[in-house]
file protein.cif (mmCIF, C-alpha atoms)
data_start
#
loop_
_atom_site.label_atom_id
_atom_site.label_comp_id
_atom_site.auth_asym_id
_atom_site.auth_seq_id
_atom_site.Cartn_x
_atom_site.Cartn_y
_atom_site.Cartn_z
CA MET A 1 18.52 -14.46 -5.33
CA SER A 2 16.22 -16.37 -3.05
CA GLU A 3 13.80 -15.40 -0.39
CA GLN A 4 14.16 -15.76 3.35
CA ARG A 5 11.37 -17.67 4.99
CA GLY A 6 10.73 -18.77 8.51
CA PRO A 7 10.14 -16.92 11.73
CA LEU A 8 10.75 -13.22 11.88
CA ARG A 9 13.72 -12.29 13.98
CA HIS A 10 12.04 -9.74 16.20
CA GLY A 11 9.55 -12.34 17.38
CA GLN A 12 10.02 -11.99 21.11
CA GLY A 13 6.77 -11.52 22.99
CA GLU A 14 3.52 -11.17 21.11
CA ALA A 15 3.40 -11.86 17.41
CA GLU A 16 3.01 -8.64 15.50
CA GLN A 17 1.10 -8.72 12.25
CA VAL A 18 3.39 -7.84 9.37
CA LEU A 19 2.47 -7.36 5.74
CA ARG A 20 4.56 -9.04 3.07
CA PRO A 21 4.96 -6.58 0.21
CA ALA A 22 4.51 -7.81 -3.36
CA VAL A 23 7.76 -7.82 -5.33
CA ASP A 24 9.00 -7.85 -8.91
CA ILE A 25 12.60 -8.93 -9.41
CA PHE A 26 14.35 -8.59 -12.74
CA GLU A 27 17.89 -8.97 -13.95
CA GLN A 28 19.85 -6.91 -16.41
CA PRO A 29 23.52 -7.23 -17.41
CA HIS A 30 24.68 -4.77 -14.74
CA GLY A 31 22.62 -6.13 -11.86
CA ILE A 32 19.22 -6.91 -10.46
CA THR A 33 16.34 -4.61 -9.61
CA LEU A 34 13.67 -5.20 -6.98
CA LEU A 35 10.37 -3.34 -7.02
CA LEU A 36 8.36 -3.53 -3.80
CA ASP A 37 4.87 -2.18 -3.19
CA LEU A 38 4.92 -0.23 0.07
CA PRO A 39 1.84 2.01 -0.07
CA GLY A 40 1.60 4.40 2.86
CA VAL A 41 5.29 4.28 3.77
CA THR A 42 7.21 7.54 3.81
CA ARG A 43 10.91 7.78 3.11
CA GLU A 44 11.53 8.37 6.82
CA GLN A 45 9.62 5.23 7.83
CA LEU A 46 11.53 2.97 5.48
CA GLY A 47 14.44 0.77 6.53
CA ILE A 48 16.73 -1.16 4.21
CA HIS A 49 19.57 -3.18 5.67
CA VAL A 50 21.97 -5.90 4.69
CA GLU A 51 23.29 -8.40 7.21
CA GLY A 52 25.70 -10.89 5.71
CA ASN A 53 24.00 -11.81 2.46
CA VAL A 54 20.46 -11.09 3.69
CA LEU A 55 18.74 -7.97 2.45
CA THR A 56 15.81 -6.86 4.62
CA ILE A 57 13.25 -4.20 3.81
CA GLU A 58 11.00 -2.82 6.53
CA GLY A 59 8.49 -0.02 6.48
CA ALA A 60 5.86 1.45 8.76
CA ILE A 61 2.59 2.75 7.33
CA SER A 62 1.64 6.32 8.15
CA ILE A 63 -1.98 7.20 7.60
CA ASP A 64 -3.38 10.67 7.93
CA MET A 65 -6.44 10.07 10.09
CA PRO A 66 -8.77 12.83 11.22
CA GLU A 67 -9.68 13.16 14.86
CA GLY A 68 -12.74 11.27 15.97
CA MET A 69 -12.68 8.79 13.12
CA THR A 70 -14.31 5.42 13.69
CA PRO A 71 -13.12 2.57 11.48
CA LEU A 72 -15.87 0.97 9.42
CA TYR A 73 -14.04 -1.49 7.23
CA ALA A 74 -10.43 -2.54 6.71
CA GLU A 75 -8.61 -4.81 4.33
CA VAL A 76 -5.20 -3.59 5.46
CA ARG A 77 -4.98 -4.38 9.15
CA ALA A 78 -1.27 -4.28 9.88
CA THR A 79 0.88 -1.20 10.20
CA ARG A 80 4.19 -2.63 9.05
CA TYR A 81 5.75 -4.29 6.03
CA GLN A 82 8.72 -6.61 6.13
CA ARG A 83 10.41 -8.92 3.65
CA SER A 84 13.90 -10.39 3.34
CA PHE A 85 15.91 -11.74 0.42
CA THR A 86 19.16 -13.65 0.19
CA LEU A 87 21.68 -12.16 -2.18
CA SER A 88 23.89 -14.44 -4.20
CA GLY A 89 27.65 -13.96 -4.03
CA GLU A 90 27.89 -12.21 -7.37
CA MET A 91 25.80 -9.29 -6.07
CA ASP A 92 27.53 -6.26 -4.60
CA ALA A 93 25.56 -5.51 -1.42
CA GLU A 94 27.84 -2.57 -0.64
CA ARG A 95 26.55 -0.60 -3.59
CA ILE A 96 22.79 -1.01 -3.38
CA SER A 97 20.88 2.10 -4.39
CA ALA A 98 17.29 2.85 -3.47
CA GLU A 99 14.57 5.26 -4.48
CA VAL A 100 10.88 5.49 -3.61
CA LYS A 101 8.25 6.67 -6.03
CA GLU A 102 4.50 6.63 -5.43
CA GLY A 103 4.90 4.01 -2.73
CA VAL A 104 7.09 1.72 -4.83
CA LEU A 105 10.60 1.03 -3.55
CA VAL A 106 13.09 0.54 -6.37
CA LEU A 107 16.29 -1.21 -5.27
CA HIS A 108 19.20 -1.65 -7.64
CA VAL A 109 21.73 -4.27 -6.63
CA PRO A 110 24.74 -4.14 -8.94
CA LYS A 111 26.73 -7.23 -9.83
CA ARG A 112 30.34 -7.27 -8.67
CA SER A 113 32.48 -5.97 -11.45
CA GLU A 114 34.11 -9.39 -12.03
CA SER A 115 30.63 -10.94 -12.54
CA ARG A 116 29.56 -8.40 -15.14
CA PRO A 117 29.86 -9.11 -18.82
CA ARG A 118 32.80 -7.09 -20.04
CA ARG A 119 32.99 -5.41 -23.34
CA ILE A 120 36.42 -5.72 -24.82
CA GLU A 121 37.45 -2.97 -27.10
CA VAL A 122 38.94 -4.16 -30.32
CA SER A 123 41.17 -1.64 -31.86
CA VAL A 124 42.07 -1.81 -35.45
CA GLY A 125 45.82 -1.55 -35.87
CA MET B 1 3.38 7.05 18.22
CA TRP B 2 2.37 3.79 16.65
CA GLY B 3 0.37 2.68 19.67
CA LEU B 4 -2.50 4.85 18.63
CA GLU B 5 -2.63 3.47 15.16
CA ASP B 6 -2.35 -0.10 16.35
CA ASP B 7 -5.47 0.55 18.41
CA MET B 8 -7.03 2.04 15.35
CA PHE B 9 -6.35 -1.07 13.34
CA ASP B 10 -7.65 -3.29 16.12
CA GLU B 11 -10.81 -1.26 15.82
CA PHE B 12 -10.82 -1.92 12.10
CA GLU B 13 -10.41 -5.60 12.75
CA ARG B 14 -13.32 -5.66 15.20
CA ALA B 15 -15.50 -3.75 12.77
CA ARG B 16 -14.61 -6.15 10.00
CA ARG B 17 -15.45 -9.18 12.09
CA GLN B 18 -18.77 -7.65 12.97
CA LEU B 19 -19.47 -7.11 9.30
CA GLU B 20 -18.60 -10.68 8.51
CA GLN B 21 -20.61 -12.12 11.35
CA ALA B 22 -23.70 -10.05 10.70
CA PRO B 23 -23.89 -9.66 6.94
CA ALA B 24 -27.59 -8.98 6.51
CA ARG B 25 -29.49 -7.42 9.35
CA GLY B 26 -32.19 -5.52 7.58
CA ARG B 27 -30.52 -2.42 6.17
CA PRO B 28 -27.46 -2.86 4.02
CA THR B 29 -24.17 -1.96 5.68
CA ALA B 30 -22.60 1.34 4.85
CA LEU B 31 -20.09 -0.22 2.57
CA ARG B 32 -20.02 -2.50 -0.38
CA THR B 33 -16.95 -3.20 -2.42
CA THR B 34 -16.21 -5.53 -5.25
CA GLY B 35 -14.83 -7.91 -2.66
CA ALA B 36 -11.78 -8.27 -0.47
CA GLY B 37 -8.73 -9.48 -2.31
CA SER B 38 -9.29 -7.06 -5.17
CA PHE B 39 -6.78 -4.39 -6.07
CA PRO B 40 -6.38 -1.95 -4.46
CA PRO B 41 -7.10 -2.91 -0.84
CA VAL B 42 -9.29 -0.35 0.92
CA ASN B 43 -9.88 0.92 4.46
CA VAL B 44 -12.82 3.11 5.40
CA GLY B 45 -13.44 5.26 8.43
CA ALA B 46 -16.06 7.82 9.37
CA SER B 47 -16.64 10.64 11.79
CA ALA B 48 -19.63 12.91 12.29
CA GLU B 49 -18.22 15.37 9.76
CA GLN B 50 -16.77 13.18 7.03
CA VAL B 51 -16.05 9.77 5.54
CA ASP B 52 -12.42 8.85 4.85
CA ILE B 53 -11.48 6.18 2.32
CA TYR B 54 -7.92 4.92 1.89
CA PHE B 55 -6.86 2.96 -1.19
CA PHE B 56 -3.48 1.21 -0.90
CA MET B 57 -2.16 1.36 -4.43
CA ALA B 58 1.51 1.92 -5.01
CA GLY B 59 2.88 2.83 -8.40
CA VAL B 60 -0.15 4.24 -10.18
CA GLU B 61 0.29 7.47 -12.05
CA PRO B 62 -2.36 9.97 -10.88
CA GLN B 63 -3.27 10.79 -14.47
CA ARG B 64 -4.29 7.14 -14.89
CA LEU B 65 -6.82 7.38 -12.08
CA GLU B 66 -10.47 8.20 -12.41
CA LEU B 67 -12.51 8.83 -9.31
CA THR B 68 -16.25 9.39 -9.61
CA VAL B 69 -19.08 9.77 -7.14
CA GLN B 70 -22.57 9.10 -8.36
CA GLN B 71 -25.42 9.00 -5.92
CA ASN B 72 -23.97 6.99 -3.07
CA LEU B 73 -21.42 5.07 -5.05
CA LEU B 74 -17.74 5.95 -5.21
CA VAL B 75 -15.97 4.36 -8.16
CA LEU B 76 -12.21 4.24 -8.50
CA ALA B 77 -10.90 3.13 -11.87
CA GLY B 78 -7.30 3.12 -12.96
CA GLU B 79 -4.50 1.27 -14.57
CA ARG B 80 -1.11 0.21 -13.31
CA LEU B 81 1.60 -0.07 -15.92
CA SER B 82 4.43 -2.54 -15.78
CA ALA B 83 7.73 -1.11 -14.57
CA VAL B 84 9.74 -4.08 -15.81
CA PRO B 85 11.82 -3.36 -18.93
CA GLU B 86 10.95 -5.70 -21.79
CA GLN B 87 14.43 -7.05 -22.32
CA ALA B 88 15.02 -7.78 -18.62
CA GLN B 89 15.06 -11.33 -17.30
CA LEU B 90 12.14 -11.63 -14.90
CA HIS B 91 12.76 -13.66 -11.72
CA ARG B 92 9.67 -12.76 -9.71
CA HIS B 93 6.49 -11.06 -10.79
CA GLU B 94 3.96 -10.53 -8.02
CA ARG B 95 2.96 -6.92 -8.65
CA GLY B 96 -0.18 -7.00 -10.73
CA VAL B 97 -0.49 -4.77 -13.77
CA GLY B 98 -3.40 -3.66 -15.92
CA PRO B 99 -6.72 -1.93 -15.36
CA PHE B 100 -8.59 -2.16 -12.08
CA GLN B 101 -11.84 -0.89 -10.59
CA ARG B 102 -13.25 -0.74 -7.09
CA MET B 103 -16.53 0.53 -5.79
CA VAL B 104 -17.47 1.70 -2.33
CA THR B 105 -21.05 2.37 -1.26
CA LEU B 106 -21.18 5.56 0.77
CA PRO B 107 -23.45 6.53 3.63
CA GLU B 108 -26.60 8.35 2.47
CA ASP B 109 -25.57 11.70 3.89
CA VAL B 110 -22.32 12.36 2.04
CA ASP B 111 -22.22 15.46 -0.10
CA PRO B 112 -21.06 14.48 -3.60
CA GLU B 113 -20.03 18.11 -4.16
CA GLN B 114 -17.54 18.05 -1.32
CA VAL B 115 -15.03 15.40 -2.19
CA SER B 116 -11.27 15.72 -2.09
CA ALA B 117 -8.58 13.20 -2.93
CA VAL B 118 -4.84 13.16 -2.27
CA TYR B 119 -2.43 10.58 -3.65
CA ARG B 120 0.79 10.42 -1.65
CA ASN B 121 3.29 7.62 -0.99
CA GLY B 122 1.13 5.19 -2.94
CA LEU B 123 -1.88 5.85 -0.72
CA LEU B 124 -5.00 7.49 -2.15
CA HIS B 125 -6.95 9.27 0.58
CA VAL B 126 -10.46 10.32 -0.39
CA THR B 127 -12.40 12.59 1.97
CA LEU B 128 -16.15 13.09 1.58
CA LYS B 129 -17.91 15.63 3.75
CA ARG B 130 -21.25 14.71 5.26
CA ARG B 131 -24.16 17.11 4.93
CA ALA B 132 -24.41 19.45 7.88
CA THR B 133 -28.16 19.03 8.22
CA VAL B 134 -27.93 15.41 9.21
CA ARG B 135 -25.08 15.84 11.67
CA PRO B 136 -26.15 15.29 15.26
CA ARG B 137 -27.08 18.63 16.74
CA GLN B 138 -27.26 19.51 20.35
CA ILE B 139 -30.51 21.18 21.29
CA PRO B 140 -30.30 23.41 24.30
CA VAL B 141 -32.95 22.73 26.92
CA GLN B 142 -34.50 25.90 28.29
#
call {"tool": "encode", "arguments": {"input": "protein.cif", "output": "structure tokens"}}
result
Amino acid sequence: MSEQRGPLRHGQGEAEQVLRPAVDIFEQPHGITLLLDLPGVTREQLGIHVEGNVLTIEGAISIDMPEGMTPLYAEVRATRYQRSFTLSGEMDAERISAEVKEGVLVLHVPKRSESRPRRIEVSVG
Amino acid sequence: MWGLEDDMFDEFERARRQLEQAPARGRPTALRTTGAGSFPPVNVGASAEQVDIYFFMAGVEPQRLELTVQQNLLVLAGERLSAVPEQAQLHRHERGVGPFQRMVTLPEDVDPEQVSAVYRNGLLHVTLKRRATVRPRQIPVQ
């Protein structure tokens, strides 16, 4: 798995500020798991799509702001997250599963069955 | 829908620049933190009635959070645990783990008795009510 770099595809017109979420990627015999920090993103505002071998995660931040609030200080100044990854051929992009918990997106990308280590049953005759 | 919030964040950006450009003009600014770049990132807003503080911290169990207000200092302490299984082969590890602490200096008029905090979608929203007595009051002219 490698990461997509370069210009963002929706870059027509003005450049929109996009946050790049921090990621952990780990591999287990059955596949890989990606953990992405997306604080402030609801399930409804989250988009996960695969185009060819490129997996893209996008999310919009929803903040509950009271009426009449004046901003005093901000370290998070964009309203969207986006990050893309290239999947290697052994990954099965058709069977990605996703869950969100406390603002962390957990993506499981299984390996194609032919790429998985197979356990061969030995029967005693 | 997002237009409004984009404006909001532009406002944040302007406010931040002003803070950076004018760091010490007599009175201290309403906010002090342990420094940008620390975990978790924080946004602060205020209205006449309350002060709203937003901590962007995904993946922290609420029972591992400790929020205290003492005088005019709000302290958030917590710990983020690793979600990577020990036997897994790690390819990328950007999500920090371990204990963290951030402090925010509050305006003088917040009521430490009236604080509420909600942790949802990895966002901790702390609301502190301001004391009614110092809110601007309109005085009718006879």
call {"tool": "resolve_selection", "arguments": {"input": "protein.cif", "expression": "the PyMOL selection byres ((chain A and resi 24) around 9)", "output": "JSON, numbers by chain"}}
result
{"A": [22, 23, 25, 26, 33, 34, 35, 36], "B": [83, 84, 90, 91, 92, 93, 94, 95]}
call {"tool": "write_last_selection", "arguments": {"input": "protein.cif", "atoms": "C-alpha atoms", "output": "short mmCIF file (atom, residue, chain, number, x, y, z; two decimals), in the coordinates of the input"}}
result
data_model
loop_
_atom_site.label_atom_id
_atom_site.label_comp_id
_atom_site.auth_asym_id
_atom_site.auth_seq_id
_atom_site.Cartn_x
_atom_site.Cartn_y
_atom_site.Cartn_z
CA ALA A 22 4.51 -7.81 -3.36
CA VAL A 23 7.76 -7.82 -5.33
CA ILE A 25 12.60 -8.93 -9.41
CA PHE A 26 14.35 -8.59 -12.74
CA THR A 33 16.34 -4.61 -9.61
CA LEU A 34 13.67 -5.20 -6.98
CA LEU A 35 10.37 -3.34 -7.02
CA LEU A 36 8.36 -3.53 -3.80
CA ALA B 83 7.73 -1.11 -14.57
CA VAL B 84 9.74 -4.08 -15.81
CA LEU B 90 12.14 -11.63 -14.90
CA HIS B 91 12.76 -13.66 -11.72
CA ARG B 92 9.67 -12.76 -9.71
CA HIS B 93 6.49 -11.06 -10.79
CA GLU B 94 3.96 -10.53 -8.02
CA ARG B 95 2.96 -6.92 -8.65
#
call {"tool": "closest_residue", "arguments": {"input": "protein.cif", "among": "A:Thr70, A:Ser123, A:Gln45, A:Ser62", "to": "chain B", "atoms": "only C-alpha atoms"}}
result
A:Thr70
call {"tool": "residues_around", "arguments": {"input": "protein.cif", "residues": "region 60-74 of chain B", "least_positions_apart": "4", "cutoff": "8 Å", "atoms": "only C-alpha atoms", "output": "JSON, numbers by chain"}}
result
{"A": [102], "B": [78, 79, 80, 81, 103, 104, 105, 106, 107, 108, 110, 112, 119, 122]}
call {"tool": "write_last_selection", "arguments": {"input": "protein.cif", "atoms": "C-alpha atoms", "output": "PDB file, in the frame of the given file"}}
result
ATOM      1  CA  GLU A 102       4.500   6.630  -5.430  1.00  0.00           C
TER       2      GLU A 102
ATOM      3  CA  GLY B  78      -7.300   3.120 -12.960  1.00  0.00           C
ATOM      4  CA  GLU B  79      -4.500   1.270 -14.570  1.00  0.00           C
ATOM      5  CA  ARG B  80      -1.110   0.210 -13.310  1.00  0.00           C
ATOM      6  CA  LEU B  81       1.600  -0.070 -15.920  1.00  0.00           C
ATOM      7  CA  MET B 103     -16.530   0.530  -5.790  1.00  0.00           C
ATOM      8  CA  VAL B 104     -17.470   1.700  -2.330  1.00  0.00           C
ATOM      9  CA  THR B 105     -21.050   2.370  -1.260  1.00  0.00           C
ATOM     10  CA  LEU B 106     -21.180   5.560   0.770  1.00  0.00           C
ATOM     11  CA  PRO B 107     -23.450   6.530   3.630  1.00  0.00           C
ATOM     12  CA  GLU B 108     -26.600   8.350   2.470  1.00  0.00           C
ATOM     13  CA  VAL B 110     -22.320  12.360   2.040  1.00  0.00           C
ATOM     14  CA  PRO B 112     -21.060  14.480  -3.600  1.00  0.00           C
ATOM     15  CA  TYR B 119      -2.430  10.580  -3.650  1.00  0.00           C
ATOM     16  CA  GLY B 122       1.130   5.190  -2.940  1.00  0.00           C
TER      17      GLY B 122
END
call {"tool": "resolve_selection", "arguments": {"input": "protein.cif", "expression": "the PyMOL selection byres ((chain A) within 10 of (chain B))", "output": "VMD selection string"}}
result
chain A and resid 1 to 2 21 to 29 32 to 43 60 to 79 100 to 106
call {"tool": "atom_distance", "arguments": {"input": "protein.cif", "atom1": "CA of Val50 (chain A)", "atom2": "CA of Arg116 (chain A)"}}
result
21.4 Å
call {"tool": "resolve_selection", "arguments": {"input": "protein.cif", "expression": "the PyMOL selection byres ((chain A and resi 98) around 9)", "output": "VMD selection string"}}
result
chain A and resid 48 96 to 97 99 to 100 105 to 109
call {"tool": "residues_around", "arguments": {"input": "protein.cif", "residues": "Glu114 (chain A)", "least_positions_apart": "6", "cutoff": "12 Å", "atoms": "all atoms listed in the file", "output": "PyMOL selection string"}}
result
chain A and resi 30-31+89-92
call {"tool": "atom_distance", "arguments": {"input": "protein.cif", "atom1": "CA of Glu113 (chain B)", "atom2": "CA of Leu128 (chain B)"}}
result
8.6 Å
